[in-house]
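Asker: Enclosed is the structure file data.cif (mmCIF, C-alpha atoms and all ligand atoms).
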data_protein
#
loop_
_atom_site.label_atom_id
_atom_site.label_comp_id
_atom_site.auth_asym_id
_atom_site.auth_seq_id
_atom_site.Cartn_x
_atom_site.Cartn_y
_atom_site.Cartn_z
CA MET L 1 33.16 -2.77 -41.42
CA GLU L 2 30.12 -4.96 -40.76
CA THR L 3 27.81 -5.11 -37.74
CA THR L 4 25.04 -7.54 -36.80
CA HIS L 5 21.86 -6.93 -34.82
CA ARG L 6 19.30 -9.37 -33.47
CA VAL L 7 16.23 -9.32 -31.26
CA VAL L 8 14.99 -12.27 -29.25
CA VAL L 9 11.28 -12.27 -28.39
CA ASP L 10 11.49 -13.84 -24.95
CA ASP L 11 11.79 -13.23 -21.24
CA ALA L 12 15.04 -11.52 -20.21
CA ARG L 13 14.98 -13.28 -16.85
CA GLU L 14 16.79 -16.00 -18.81
CA LEU L 15 19.08 -14.74 -21.57
CA GLY L 16 19.51 -18.27 -22.93
CA ALA L 17 20.41 -17.09 -26.46
CA ILE L 18 23.45 -15.18 -25.18
CA ASP L 19 26.73 -16.86 -24.23
CA ASP L 20 28.74 -16.04 -21.11
CA ASP L 21 31.00 -12.98 -21.55
CA ALA L 22 29.50 -12.17 -24.99
CA VAL L 23 28.42 -8.60 -24.23
CA ASP L 24 30.67 -5.53 -23.77
CA LEU L 25 28.06 -2.94 -22.79
CA VAL L 26 24.46 -2.96 -21.55
CA VAL L 27 22.26 0.08 -22.23
CA THR L 28 18.71 -0.28 -21.02
CA SER L 29 15.64 1.08 -19.30
CA PRO L 30 13.52 -1.47 -17.40
CA PRO L 31 9.83 -1.15 -16.61
CA TYR L 32 9.88 1.12 -13.54
CA PRO L 33 8.53 -0.55 -10.38
CA MET L 34 5.51 1.21 -8.85
CA ILE L 35 4.72 3.20 -12.02
CA GLU L 36 1.13 2.19 -12.79
CA MET L 37 1.62 1.59 -16.51
CA TRP L 38 3.76 -1.46 -15.65
CA ASP L 39 1.53 -3.01 -12.90
CA ASP L 40 -0.05 -5.57 -15.25
CA LEU L 41 3.26 -6.63 -16.73
CA PHE L 42 4.82 -7.13 -13.30
CA THR L 43 1.72 -9.02 -12.14
CA GLU L 44 2.08 -11.37 -15.11
CA LEU L 45 5.69 -11.99 -14.10
CA ASP L 46 4.62 -12.67 -10.49
CA PRO L 47 0.90 -12.75 -9.51
CA ALA L 48 1.84 -11.99 -5.87
CA ILE L 49 2.57 -8.42 -7.07
CA GLY L 50 -1.07 -7.85 -8.00
CA ASP L 51 -2.14 -9.30 -4.65
CA ALA L 52 0.20 -6.94 -2.75
CA LEU L 53 -1.13 -3.92 -4.66
CA GLU L 54 -4.72 -4.95 -4.03
CA ALA L 55 -3.98 -5.43 -0.35
CA GLY L 56 -2.55 -1.89 -0.22
CA ASP L 57 0.95 -3.11 0.67
CA GLY L 58 3.10 -0.78 -1.47
CA ALA L 59 6.40 -1.80 0.16
CA ALA L 60 5.77 -5.51 -0.57
CA ALA L 61 4.79 -4.76 -4.19
CA PHE L 62 7.91 -2.60 -4.68
CA GLU L 63 10.16 -5.35 -3.35
CA ALA L 64 8.46 -8.09 -5.38
CA MET L 65 8.76 -6.05 -8.61
CA HIS L 66 12.47 -5.51 -7.97
CA ALA L 67 12.87 -9.24 -7.30
CA GLN L 68 11.80 -9.82 -10.94
CA LEU L 69 14.32 -7.26 -12.22
CA ASP L 70 17.00 -8.85 -10.00
CA ARG L 71 16.72 -12.02 -12.05
CA VAL L 72 17.65 -10.02 -15.16
CA TRP L 73 20.58 -8.41 -13.32
CA ASP L 74 21.82 -11.93 -12.46
CA GLU L 75 21.87 -12.70 -16.17
CA LEU L 76 23.72 -9.46 -16.99
CA GLU L 77 26.43 -10.53 -14.56
CA ARG L 78 26.80 -13.75 -16.56
CA VAL L 79 26.80 -12.36 -20.12
CA LEU L 80 28.89 -9.20 -19.57
CA VAL L 81 32.69 -9.24 -19.94
CA ASP L 82 34.82 -8.33 -16.92
CA GLY L 83 35.14 -4.57 -16.80
CA GLY L 84 32.06 -4.19 -19.03
CA ILE L 85 29.65 -1.36 -18.22
CA VAL L 86 25.90 -1.30 -17.52
CA CYS L 87 24.06 2.00 -18.16
CA LEU L 88 20.60 1.81 -16.70
CA ASN L 89 17.98 4.52 -17.12
CA VAL L 90 15.45 4.45 -14.28
CA GLY L 91 13.22 6.94 -12.49
CA ASP L 92 11.85 6.86 -8.97
CA ALA L 93 8.10 6.47 -8.58
CA THR L 94 5.68 8.57 -6.52
CA ARG L 95 2.41 6.91 -5.68
CA SER L 96 -0.47 6.77 -3.22
CA VAL L 97 -1.19 3.23 -2.08
CA ASP L 98 -4.05 2.72 0.37
CA GLY L 99 -4.32 6.51 0.79
CA SER L 100 -0.67 7.01 1.70
CA PHE L 101 1.61 9.00 -0.63
CA ARG L 102 5.36 8.31 -0.82
CA VAL L 103 8.33 7.94 -3.14
CA TYR L 104 9.55 4.49 -4.13
CA PRO L 105 13.30 4.94 -4.67
CA ASN L 106 13.96 2.67 -7.64
CA HIS L 107 17.43 4.07 -8.27
CA ALA L 108 18.58 3.21 -4.73
CA ARG L 109 17.13 -0.31 -4.84
CA VAL L 110 18.72 -1.02 -8.25
CA THR L 111 22.09 0.30 -7.04
CA GLU L 112 22.04 -2.02 -4.00
CA SER L 113 21.14 -4.88 -6.26
CA PHE L 114 24.06 -4.36 -8.65
CA GLU L 115 26.50 -3.77 -5.80
CA SER L 116 25.50 -7.07 -4.18
CA ARG L 117 26.22 -8.83 -7.50
CA GLY L 118 29.83 -7.62 -7.60
CA PHE L 119 29.36 -4.56 -9.80
CA ASP L 120 31.10 -1.30 -8.82
CA PRO L 121 28.80 1.73 -8.98
CA LEU L 122 30.34 4.57 -11.04
CA PRO L 123 29.24 8.24 -10.99
CA ASP L 124 25.74 8.49 -12.45
CA VAL L 125 23.95 11.02 -14.63
CA LEU L 126 20.87 12.89 -13.57
CA TRP L 127 18.71 13.33 -16.65
CA ARG L 128 16.53 16.40 -16.15
CA LYS L 129 13.23 16.15 -18.00
CA PRO L 130 11.25 19.36 -17.68
CA THR L 131 7.49 18.91 -17.52
CA ASN L 132 5.39 21.81 -18.73
CA SER L 133 2.23 20.92 -16.89
CA ALA L 134 0.73 23.80 -14.92
CA ALA L 135 -0.73 21.25 -12.51
CA LYS L 136 2.58 19.60 -11.74
CA PHE L 137 2.71 20.51 -8.07
CA MET L 138 1.38 17.81 -5.80
CA GLY L 139 0.03 17.95 -2.30
CA SER L 140 -1.66 20.87 -0.62
CA GLY L 141 -1.10 23.86 -2.92
CA THR L 142 0.70 26.69 -1.15
CA LEU L 143 0.15 25.70 2.48
CA PRO L 144 3.01 24.20 4.49
CA PRO L 145 3.98 21.53 5.36
CA ASN L 146 2.19 18.97 3.17
CA ALA L 147 3.18 19.76 -0.43
CA TYR L 148 5.56 17.48 -2.31
CA VAL L 149 8.57 18.16 -4.52
CA THR L 150 7.88 17.26 -8.17
CA LEU L 151 10.14 14.64 -9.68
CA GLU L 152 11.46 16.03 -12.96
CA HIS L 153 14.54 13.86 -13.27
CA GLU L 154 15.49 10.30 -13.97
CA TYR L 155 18.78 8.56 -13.41
CA ILE L 156 21.27 6.98 -15.72
CA LEU L 157 22.98 4.63 -13.31
CA VAL L 158 26.38 3.36 -14.36
CA PHE L 159 27.97 0.13 -13.08
CA ARG L 160 31.16 -1.70 -13.98
CA LYS L 161 31.38 -5.47 -13.69
CA GLY L 162 34.20 -6.04 -11.21
CA SER L 163 36.82 -3.56 -10.11
CA ASP L 164 39.18 -3.80 -13.11
CA ARG L 165 38.71 -1.68 -16.22
CA ARG L 166 38.74 -3.28 -19.68
CA SER L 167 42.16 -3.21 -21.30
CA PHE L 168 43.07 -2.90 -25.01
CA GLU L 169 46.19 -3.54 -27.05
CA PRO L 170 48.30 -0.36 -27.39
CA ARG L 171 47.06 2.00 -30.12
CA ALA L 172 44.08 -0.27 -30.91
CA ASP L 173 42.37 1.28 -33.98
CA ARG L 174 38.90 0.23 -32.83
CA ARG L 175 39.37 2.31 -29.70
CA TYR L 176 41.17 5.36 -31.13
CA GLU L 177 38.82 5.66 -34.13
CA ALA L 178 35.88 5.54 -31.70
CA ALA L 179 37.19 8.58 -29.80
CA TYR L 180 34.81 11.49 -29.20
CA PHE L 181 35.59 15.19 -29.46
CA TRP L 182 36.87 17.04 -26.39
CA GLU L 183 33.84 19.33 -26.28
CA GLU L 184 31.52 16.30 -26.57
CA ARG L 185 33.35 14.80 -23.59
CA ASN L 186 32.61 17.94 -21.59
CA THR L 187 28.88 17.68 -22.27
CA TRP L 188 28.45 13.92 -22.21
CA PHE L 189 30.42 13.33 -19.01
CA SER L 190 28.66 16.08 -17.10
CA ASP L 191 26.58 14.69 -14.22
CA VAL L 192 23.38 16.53 -15.20
CA TRP L 193 21.94 16.25 -18.70
CA THR L 194 19.58 19.09 -19.52
CA ASP L 195 20.25 19.12 -23.26
CA VAL L 196 18.60 15.88 -24.43
CA LYS L 197 15.82 17.34 -26.52
CA GLY L 198 14.93 14.34 -28.60
CA GLU L 199 15.91 15.94 -31.93
CA LEU L 200 17.40 12.69 -33.17
CA GLN L 201 14.17 11.02 -32.18
CA GLU L 202 12.23 13.08 -34.67
CA LEU L 203 14.34 11.53 -37.40
CA ALA L 204 14.09 8.01 -36.03
CA TYR L 205 10.37 7.77 -35.30
CA ASP L 206 7.08 8.51 -36.89
CA ASP L 207 5.43 10.52 -34.16
CA THR L 208 1.96 9.80 -35.41
CA ASP L 209 1.95 6.37 -33.81
CA ASP L 210 1.51 5.93 -30.09
CA LEU L 211 4.05 3.15 -29.84
CA ARG L 212 6.63 5.37 -28.20
CA GLU L 213 4.21 6.25 -25.45
CA ARG L 214 3.06 2.69 -24.89
CA SER L 215 6.62 1.46 -24.67
CA ALA L 216 8.03 4.44 -22.71
CA ALA L 217 10.80 4.77 -25.30
CA TYR L 218 13.76 6.99 -24.46
CA PRO L 219 15.15 9.54 -26.94
CA LEU L 220 17.74 8.10 -29.35
CA GLU L 221 20.28 10.60 -28.01
CA ILE L 222 20.40 8.76 -24.65
CA PRO L 223 21.63 5.34 -25.90
CA TYR L 224 23.68 6.96 -28.69
CA ARG L 225 25.72 9.01 -26.23
CA LEU L 226 26.11 6.12 -23.78
CA ILE L 227 27.30 3.78 -26.53
CA CYS L 228 29.87 6.34 -27.71
CA MET L 229 30.97 6.95 -24.10
CA TYR L 230 31.33 3.35 -22.92
CA SER L 231 32.12 1.11 -25.91
CA VAL L 232 34.46 0.87 -28.91
CA TYR L 233 34.01 -0.30 -32.51
CA GLY L 234 33.55 -4.07 -32.65
CA ASP L 235 31.75 -4.18 -29.27
CA THR L 236 28.36 -5.80 -28.65
CA VAL L 237 25.65 -3.79 -26.90
CA LEU L 238 22.76 -5.56 -25.13
CA ASP L 239 19.35 -4.16 -24.22
CA PRO L 240 17.39 -6.77 -22.20
CA PHE L 241 14.31 -4.46 -22.16
CA TRP L 242 14.40 -3.63 -25.86
CA GLY L 243 10.93 -1.99 -26.26
CA THR L 244 10.89 -0.28 -29.67
CA GLY L 245 14.58 -0.96 -30.21
CA THR L 246 15.99 2.53 -29.63
CA THR L 247 19.22 1.02 -28.26
CA SER L 248 19.68 -1.10 -31.40
CA LEU L 249 19.09 1.91 -33.66
CA ALA L 250 21.71 3.84 -31.69
CA ALA L 251 24.15 0.91 -31.90
CA MET L 252 23.61 0.75 -35.68
CA CYS L 253 24.32 4.47 -36.04
CA ALA L 254 27.36 4.20 -33.75
CA GLY L 255 28.79 1.15 -35.58
CA ARG L 256 28.48 -1.42 -32.78
CA ASP L 257 26.78 -4.87 -32.81
CA SER L 258 23.58 -5.22 -30.80
CA VAL L 259 21.30 -7.81 -29.26
CA GLY L 260 17.94 -7.22 -27.60
CA TYR L 261 15.34 -9.15 -25.58
CA GLU L 262 11.69 -8.13 -25.61
CA LEU L 263 8.56 -9.83 -24.25
CA GLU L 264 6.06 -7.97 -26.48
CA GLU L 265 6.24 -9.12 -30.07
CA ALA L 266 4.03 -6.19 -31.16
CA PHE L 267 6.89 -3.75 -30.49
CA LEU L 268 8.90 -5.33 -33.31
CA GLU L 269 6.28 -4.62 -35.98
CA VAL L 270 7.55 -1.27 -37.17
CA PHE L 271 11.23 -1.88 -36.52
CA ASP L 272 11.95 -2.82 -40.17
CA GLU L 273 10.86 0.64 -41.28
CA ARG L 274 13.15 2.27 -38.76
CA VAL L 275 16.10 0.15 -39.80
CA ALA L 276 15.49 1.15 -43.43
CA ALA L 277 15.98 4.77 -42.36
CA VAL L 278 19.29 4.05 -40.58
CA PRO L 279 21.65 4.87 -43.52
CA ALA L 280 20.25 8.43 -43.70
CA LEU L 281 20.00 8.69 -39.91
CA SER L 282 23.60 7.59 -39.32
CA ARG L 283 24.86 10.09 -41.91
CA SER L 284 22.89 12.96 -40.42
CA ILE L 285 24.12 12.15 -36.90
CA GLY L 286 27.74 11.98 -38.07
CA ASP L 287 27.41 15.18 -40.12
CA ALA L 288 25.80 16.96 -37.16
CA ARG L 289 28.67 15.91 -34.87
CA LEU L 290 31.28 17.21 -37.32
CA GLU L 291 29.32 20.40 -37.88
CA ARG L 292 29.08 21.04 -34.13
CA HIS L 293 32.82 20.40 -33.84
CA ARG L 294 33.54 22.95 -36.56
CA GLU L 295 31.35 25.49 -34.77
CA PHE L 296 33.32 24.79 -31.59
CA VAL L 297 36.61 25.34 -33.45
CA ALA L 298 35.35 28.61 -34.94
CA GLN L 299 34.19 29.86 -31.53
CA ARG L 300 37.49 28.96 -29.92
CA ARG L 301 39.44 30.80 -32.58
CA GLU L 302 37.17 33.80 -32.20
CA ASP L 303 37.97 33.74 -28.49
CA GLY L 304 41.68 33.87 -29.38
CA GLU L 305 42.34 30.29 -28.20
CA THR L 306 44.30 27.67 -30.11
CA LEU L 307 43.79 23.95 -30.73
CA GLY L 308 46.90 21.83 -30.44
CA TYR L 309 46.45 18.97 -32.94
CA GLU L 310 45.20 18.14 -36.44
CA ALA L 311 42.73 15.30 -37.04
CA THR L 312 44.05 12.57 -39.37
CA HIS L 313 40.80 11.75 -41.20
CA TYR L 314 39.04 15.14 -41.22
CA GLU L 315 40.23 18.60 -42.13
CA THR L 316 39.90 20.05 -38.69
CA PRO L 317 42.02 20.77 -35.65
CA VAL L 318 41.23 18.96 -32.39
CA MET L 319 42.03 19.76 -28.78
CA THR L 320 43.82 16.59 -27.68
CA LYS L 321 46.21 13.97 -29.00
CA MET L 322 43.64 11.26 -28.28
CA GLU L 323 41.08 12.72 -30.72
CA ARG L 324 43.39 12.71 -33.75
CA GLU L 325 42.33 9.30 -35.14
CA ILE L 326 38.59 9.87 -34.63
CA ARG L 327 36.66 8.36 -37.53
CA LEU L 328 32.87 8.43 -37.63
CA ARG L 329 30.90 5.80 -39.57
CA GLU L 330 27.84 5.85 -41.75
CA VAL L 331 25.71 2.85 -42.70
CA SER L 332 25.95 2.07 -46.40
CA SER L 333 23.68 -0.97 -46.64
CA VAL L 334 21.21 -3.01 -44.61
CA THR L 335 20.44 -6.69 -45.20
CA GLU L 336 17.77 -8.56 -43.32
CA SER L 337 18.52 -12.18 -42.52
CA ALA L 338 16.75 -14.97 -40.64
CA ASP L 339 18.60 -14.09 -37.44
CA GLY L 340 18.46 -10.30 -37.66
CA TYR L 341 20.16 -7.52 -39.61
CA ARG L 342 23.58 -7.21 -41.18
CA LEU L 343 24.84 -3.66 -41.79
CA GLU L 344 27.79 -2.41 -43.83
CA HIS L 345 29.50 0.73 -42.52
CA GLU L 346 31.81 3.13 -44.35
CA PRO L 347 33.95 5.87 -42.82
CA LEU L 348 31.99 9.13 -42.87
CA ALA L 349 33.67 11.46 -45.37
CA GLY L 350 32.50 14.58 -43.55
CA GLU L 351 32.88 17.08 -46.39
C1 LIG C 1 10.74 1.05 -20.43
S1 LIG C 1 10.43 -0.05 -21.72
C2 LIG C 1 11.89 0.10 -22.71
C3 LIG C 1 11.76 1.12 -23.80
C4 LIG C 1 12.97 1.16 -24.72
N1 LIG C 1 14.12 1.73 -24.04
C5 LIG C 1 12.67 2.00 -25.96
O1 LIG C 1 13.32 3.02 -26.18
O2 LIG C 1 11.74 1.63 -26.69
C6 LIG C 1 10.62 -1.63 -20.99
C7 LIG C 1 10.38 -2.79 -21.94
O3 LIG C 1 10.77 -3.99 -21.29
C8 LIG C 1 9.90 -5.03 -21.71
N2 LIG C 1 9.99 -6.08 -20.67
C9 LIG C 1 9.57 -6.03 -19.40
N3 LIG C 1 9.90 -7.15 -18.71
C10 LIG C 1 10.59 -7.92 -19.59
C11 LIG C 1 11.21 -9.20 -19.48
N4 LIG C 1 11.19 -9.89 -18.35
N5 LIG C 1 11.83 -9.69 -20.58
C12 LIG C 1 11.87 -9.00 -21.74
N6 LIG C 1 11.29 -7.78 -21.90
C13 LIG C 1 10.65 -7.25 -20.84
C14 LIG C 1 8.54 -4.35 -21.81
O4 LIG C 1 7.67 -5.07 -22.66
C15 LIG C 1 8.95 -2.98 -22.39
O5 LIG C 1 8.90 -2.99 -23.79
#
Since I need it in another form, could you write the structure as structure tokens?
Answerer:
Amino acid sequence: METTHRVVVDDARELGAIDDDAVDLVVTSPPYPMIEMWDDLFTELDPAIGDALEAGDGAAAFEAMHAQLDRVWDELERVLVDGGIVCLNVGDATRSVDGSFRVYPNHARVTESFESRGFDPLPDVLWRKPTNSAAKFMGSGTLPPNAYVTLEHEYILVFRKGSDRRSFEPRADRRYEAAYFWEERNTWFSDVWTDVKGELQELAYDDTDDLRERSAAYPLEIPYRLICMYSVYGDTVLDPFWGTGTTSLAAMCAGRDSVGYELEEAFLEVFDERVAAVPALSRSIGDARLERHREFVAQRREDGETLGYEATHYETPVMTKMEREIRLREVSSVTESADGYRLEHEPLAGE
């Protein structure tokens, strides 16, 4: 199996290099409106944003920033297939503008925006990100009533284009081989994620550079899970706010095609190195998934429970009929070409 991956250095408000209905899944994290690190970028997209911030009009700045993101959402509506899914990681912002503190509810504004474009909102995931700072409590210490709750979560909003689900030919291999294990389903489809620790990230990034911080990269585990949850082999995954390319790395490891848009060319500089590490990374992710499954099987047997089916491609029992054809992939070779990367994938042996 072969996959292709390309990045376009351009403005995602016009996804001119992508045809209509060419994308099956979008996994992304935009710059968050009203988070200070993105003020300059938003002001470059629309100078009125800087004026609103300077004038102390937080509500106008919030709305104008979302108006820029709305233009990207218009494009997603065009390039996504009917029934295709958008997974959008966003956090709300807390901020004092002109001396007045409040929350700017990005997740609510983005949800309205997608709904008005004909997307159906689906149940979302609350991604809990513990902060260890002793000084995390804001407001007036321990005196009521003027202290504020600390935001320690972000959202993974999920939308489907239109009301009909994607359909597949009966017994389609690309769907059945992309199945996930029953116990993975129970974790991944839970509405609160507390277990994303960024372990895969350690493998995918050199933590000595500050690129991750500057780009607000998410852990590899986030797009990897979402891609496994909402796409099948042969699908194309788009990230219009590509950053350091975490979504593309996850798509490579998961055996899907990818395309990204990114304004900042500098973020692409170290991507080649990361892609070179993908064969080892994809193998270690696949091996870890099989290993965790075997631990689950052992625990279940210890608890005196049975598993009803045998997997076809691995020597292991599975819980459900739908998991029997599961077949993980590893990347066997990477070729760079003028328009991106071409990867060869082999079935993961899983010995
Ligand atoms: C939150 S970061 C994404 C980080 C990414 N998920 C990662 O793991 O590296 C948002 C990115 O969107 C890019 N960006 C913002 N507006 C854009 C636009 N209109 N077109 C293309 N890229 C844009 C920024 O340069 C930034 O790299």
Asker: Might you pull out every residue within 6 Å of Asn89 in chain L, with all atoms listed in the file counted and same-chain residues fewer than 3 positions away left off, and present them as a list in words?
Answerer: Ser29, Tyr155 and Ile156 of chain L
Asker: What are the closest atom pairs, with distances in Å to one decimal, for all residues of range 6-70 of chain L lying within 6 Å of range 228-246 of chain L? Consider all atoms listed in the file, order rows by chain and residue number, and present the result as CSV.
Answerer:
residue,atom,partner,partner_atom,distance
L:Ala12,CA,L:Pro240,CA,5.7
L:Val23,CA,L:Thr236,CA,5.2
L:Asp24,CA,L:Thr236,CA,5.4
L:Leu25,CA,L:Val237,CA,4.8
L:Val26,CA,L:Leu238,CA,4.7
L:Val27,CA,L:Asp239,CA,5.5
L:Thr28,CA,L:Asp239,CA,5.1
L:Pro30,CA,L:Phe241,CA,5.7
Asker: Could you make a table, as JSON lines, of the residues of chain L that have an atom within 9 Å of an atom of ligand LIG 1 (chain C), each with its nearest atom pair and distance in Å to one decimal, counting only C-alpha atoms and all ligand atoms, in chain and number order?
Answerer:
{"residue": "L:Val8", "atom": "CA", "partner": "C:LIG1", "partner_atom": "C12", "distance": 8.8}
{"residue": "L:Val9", "atom": "CA", "partner": "C:LIG1", "partner_atom": "C12", "distance": 7.4}
{"residue": "L:Asp10", "atom": "CA", "partner": "C:LIG1", "partner_atom": "C12", "distance": 5.8}
{"residue": "L:Asp11", "atom": "CA", "partner": "C:LIG1", "partner_atom": "N5", "distance": 3.6}
{"residue": "L:Ala12", "atom": "CA", "partner": "C:LIG1", "partner_atom": "N5", "distance": 3.7}
{"residue": "L:Arg13", "atom": "CA", "partner": "C:LIG1", "partner_atom": "N4", "distance": 5.3}
{"residue": "L:Glu14", "atom": "CA", "partner": "C:LIG1", "partner_atom": "N5", "distance": 8.2}
{"residue": "L:Leu15", "atom": "CA", "partner": "C:LIG1", "partner_atom": "N5", "distance": 8.9}
{"residue": "L:Val27", "atom": "CA", "partner": "C:LIG1", "partner_atom": "N1", "distance": 8.5}
{"residue": "L:Thr28", "atom": "CA", "partner": "C:LIG1", "partner_atom": "N1", "distance": 5.9}
{"residue": "L:Ser29", "atom": "CA", "partner": "C:LIG1", "partner_atom": "N1", "distance": 5.0}
{"residue": "L:Pro30", "atom": "CA", "partner": "C:LIG1", "partner_atom": "C6", "distance": 4.6}
{"residue": "L:Pro31", "atom": "CA", "partner": "C:LIG1", "partner_atom": "C6", "distance": 4.5}
{"residue": "L:Tyr32", "atom": "CA", "partner": "C:LIG1", "partner_atom": "C1", "distance": 6.9}
{"residue": "L:Trp38", "atom": "CA", "partner": "C:LIG1", "partner_atom": "C9", "distance": 8.3}
{"residue": "L:Leu41", "atom": "CA", "partner": "C:LIG1", "partner_atom": "C9", "distance": 6.9}
{"residue": "L:Phe42", "atom": "CA", "partner": "C:LIG1", "partner_atom": "N3", "distance": 7.4}
{"residue": "L:Leu45", "atom": "CA", "partner": "C:LIG1", "partner_atom": "N4", "distance": 7.3}
{"residue": "L:Gln68", "atom": "CA", "partner": "C:LIG1", "partner_atom": "N4", "distance": 7.4}
{"residue": "L:Leu69", "atom": "CA", "partner": "C:LIG1", "partner_atom": "N4", "distance": 7.4}
{"residue": "L:Arg71", "atom": "CA", "partner": "C:LIG1", "partner_atom": "N4", "distance": 8.6}
{"residue": "L:Val72", "atom": "CA", "partner": "C:LIG1", "partner_atom": "N4", "distance": 7.2}
{"residue": "L:Asn89", "atom": "CA", "partner": "C:LIG1", "partner_atom": "N1", "distance": 8.4}
{"residue": "L:Val90", "atom": "CA", "partner": "C:LIG1", "partner_atom": "C1", "distance": 8.5}
{"residue": "L:Leu211", "atom": "CA", "partner": "C:LIG1", "partner_atom": "O2", "distance": 8.4}
{"residue": "L:Arg212", "atom": "CA", "partner": "C:LIG1", "partner_atom": "O2", "distance": 6.5}
{"residue": "L:Glu213", "atom": "CA", "partner": "C:LIG1", "partner_atom": "O2", "distance": 8.9}
{"residue": "L:Arg214", "atom": "CA", "partner": "C:LIG1", "partner_atom": "O5", "distance": 8.2}
{"residue": "L:Ser215", "atom": "CA", "partner": "C:LIG1", "partner_atom": "S1", "distance": 5.0}
{"residue": "L:Ala216", "atom": "CA", "partner": "C:LIG1", "partner_atom": "C1", "distance": 4.9}
{"residue": "L:Ala217", "atom": "CA", "partner": "C:LIG1", "partner_atom": "O1", "distance": 3.2}
{"residue": "L:Tyr218", "atom": "CA", "partner": "C:LIG1", "partner_atom": "O1", "distance": 4.3}
{"residue": "L:Pro219", "atom": "CA", "partner": "C:LIG1", "partner_atom": "O1", "distance": 6.8}
{"residue": "L:Leu220", "atom": "CA", "partner": "C:LIG1", "partner_atom": "O1", "distance": 7.4}
{"residue": "L:Pro223", "atom": "CA", "partner": "C:LIG1", "partner_atom": "N1", "distance": 8.5}
{"residue": "L:Asp239", "atom": "CA", "partner": "C:LIG1", "partner_atom": "N1", "distance": 7.9}
{"residue": "L:Pro240", "atom": "CA", "partner": "C:LIG1", "partner_atom": "C12", "distance": 6.0}
{"residue": "L:Phe241", "atom": "CA", "partner": "C:LIG1", "partner_atom": "O3", "distance": 3.7}
{"residue": "L:Trp242", "atom": "CA", "partner": "C:LIG1", "partner_atom": "C4", "distance": 5.1}
{"residue": "L:Gly243", "atom": "CA", "partner": "C:LIG1", "partner_atom": "O5", "distance": 3.3}
{"residue": "L:Thr244", "atom": "CA", "partner": "C:LIG1", "partner_atom": "O2", "distance": 3.6}
{"residue": "L:Gly245", "atom": "CA", "partner": "C:LIG1", "partner_atom": "O2", "distance": 5.2}
{"residue": "L:Thr246", "atom": "CA", "partner": "C:LIG1", "partner_atom": "O1", "distance": 4.4}
{"residue": "L:Thr247", "atom": "CA", "partner": "C:LIG1", "partner_atom": "O1", "distance": 6.6}
{"residue": "L:Gly260", "atom": "CA", "partner": "C:LIG1", "partner_atom": "C12", "distance": 8.6}
{"residue": "L:Tyr261", "atom": "CA", "partner": "C:LIG1", "partner_atom": "C12", "distance": 5.2}
{"residue": "L:Glu262", "atom": "CA", "partner": "C:LIG1", "partner_atom": "N6", "distance": 3.7}
{"residue": "L:Leu263", "atom": "CA", "partner": "C:LIG1", "partner_atom": "N6", "distance": 4.1}
{"residue": "L:Glu264", "atom": "CA", "partner": "C:LIG1", "partner_atom": "O4", "distance": 5.1}
{"residue": "L:Glu265", "atom": "CA", "partner": "C:LIG1", "partner_atom": "O4", "distance": 8.6}
{"residue": "L:Phe267", "atom": "CA", "partner": "C:LIG1", "partner_atom": "O5", "distance": 7.0}
Asker: Report, in Å with one decimal, the straight-line distance from CA of Gly58 in chain L to CA of Asn106 in chain L.
Answerer: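 CA of Gly58 in chain L sits 13.0 Å away from CA of Asn106 in chain L.
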Asker: With all atoms listed in the file as the atoms that count, which of L:Gly118, L:Gly56, L:Pro123, L:Gly340 lies nearest to Val97 in chain L?
Answerer: L:Gly56
Asker: Extract, using all atoms listed in the file, all DNA, RNA and protein residues at most 8 Å from Ala254 in chain L, discarding same-chain residues fewer than 5 positions from it, and format them as a CSV table (one decimal) with C-alpha atoms, in the coordinates of the input.
Answerer:
chain,number,residue,atom,x,y,z
L,224,TYR,CA,23.7,7.0,-28.7
L,227,ILE,CA,27.3,3.8,-26.5
L,228,CYS,CA,29.9,6.3,-27.7
L,282,SER,CA,23.6,7.6,-39.3
L,328,LEU,CA,32.9,8.4,-37.6
L,329,ARG,CA,30.9,5.8,-39.6
Asker: Between CA of Ser248 in chain L and CA of Tyr104 in chain L, what is the spacing in Å?
Answerer: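 Pair CA of Tyr104 in chain L / CA of Ser248 in chain L returns 29.6 Å.
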Asker: Taking all atoms listed in the file into account, which of L:Ile222, L:Leu143, L:Val334, L:Ala93 comes nearest Glu273 in chain L?
Answerer: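 For Glu273 in chain L, the nearest of the candidates is L:Val334.
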Asker: Which of these, L:Glu344, L:Glu315, L:Asp92, L:Asp173, has the shortest distance to Arg256 in chain L once you count only C-alpha atoms?
Answerer: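 Looking only at the distances to Arg256 in chain L, the closest residue turns out to be L:Glu344.
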Asker: To one decimal place in Å, what is the distance between CA of Ser333 in chain L and CA of Val196 in chain L?
Answerer: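 Separating CA of Ser333 in chain L from CA of Val196 in chain L is a distance of 28.3 Å.
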Asker: Residues near Lys129 in chain L, anyone? I mean within 12 Å using only C-alpha atoms, not counting same-chain ones fewer than 5 positions away, as a ChimeraX atom specification.
Answerer: /L:91,150-155,192-198,218-219
Asker: Taking every listed atom of range 147-159 of chain L and adding 8 Å to each side, what centre and edge lengths in Å (one decimal) does the axis-aligned box have, as lines of an AutoDock Vina configuration file?
Answerer:
center_x = 15.6
center_y = 9.9
center_z = -8.1
size_x = 40.8
size_y = 35.6
size_z = 31.3
Asker: Dump as a list of chain:residue names all residues having an atom at most 12 Å from (-0.1, -8.7, -14.3), computed in the file's coordinates with only C-alpha atoms.
Answerer: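 In the file's frame, the residues around the point are L:Glu36, L:Met37, L:Trp38, L:Asp39, L:Asp40, L:Leu41, L:Phe42, L:Thr43, L:Glu44, L:Leu45, L:Asp46, L:Pro47, L:Ala48, L:Ile49, L:Gly50, L:Asp51, L:Ala52, L:Leu53, L:Glu54, L:Ala61, L:Met65.
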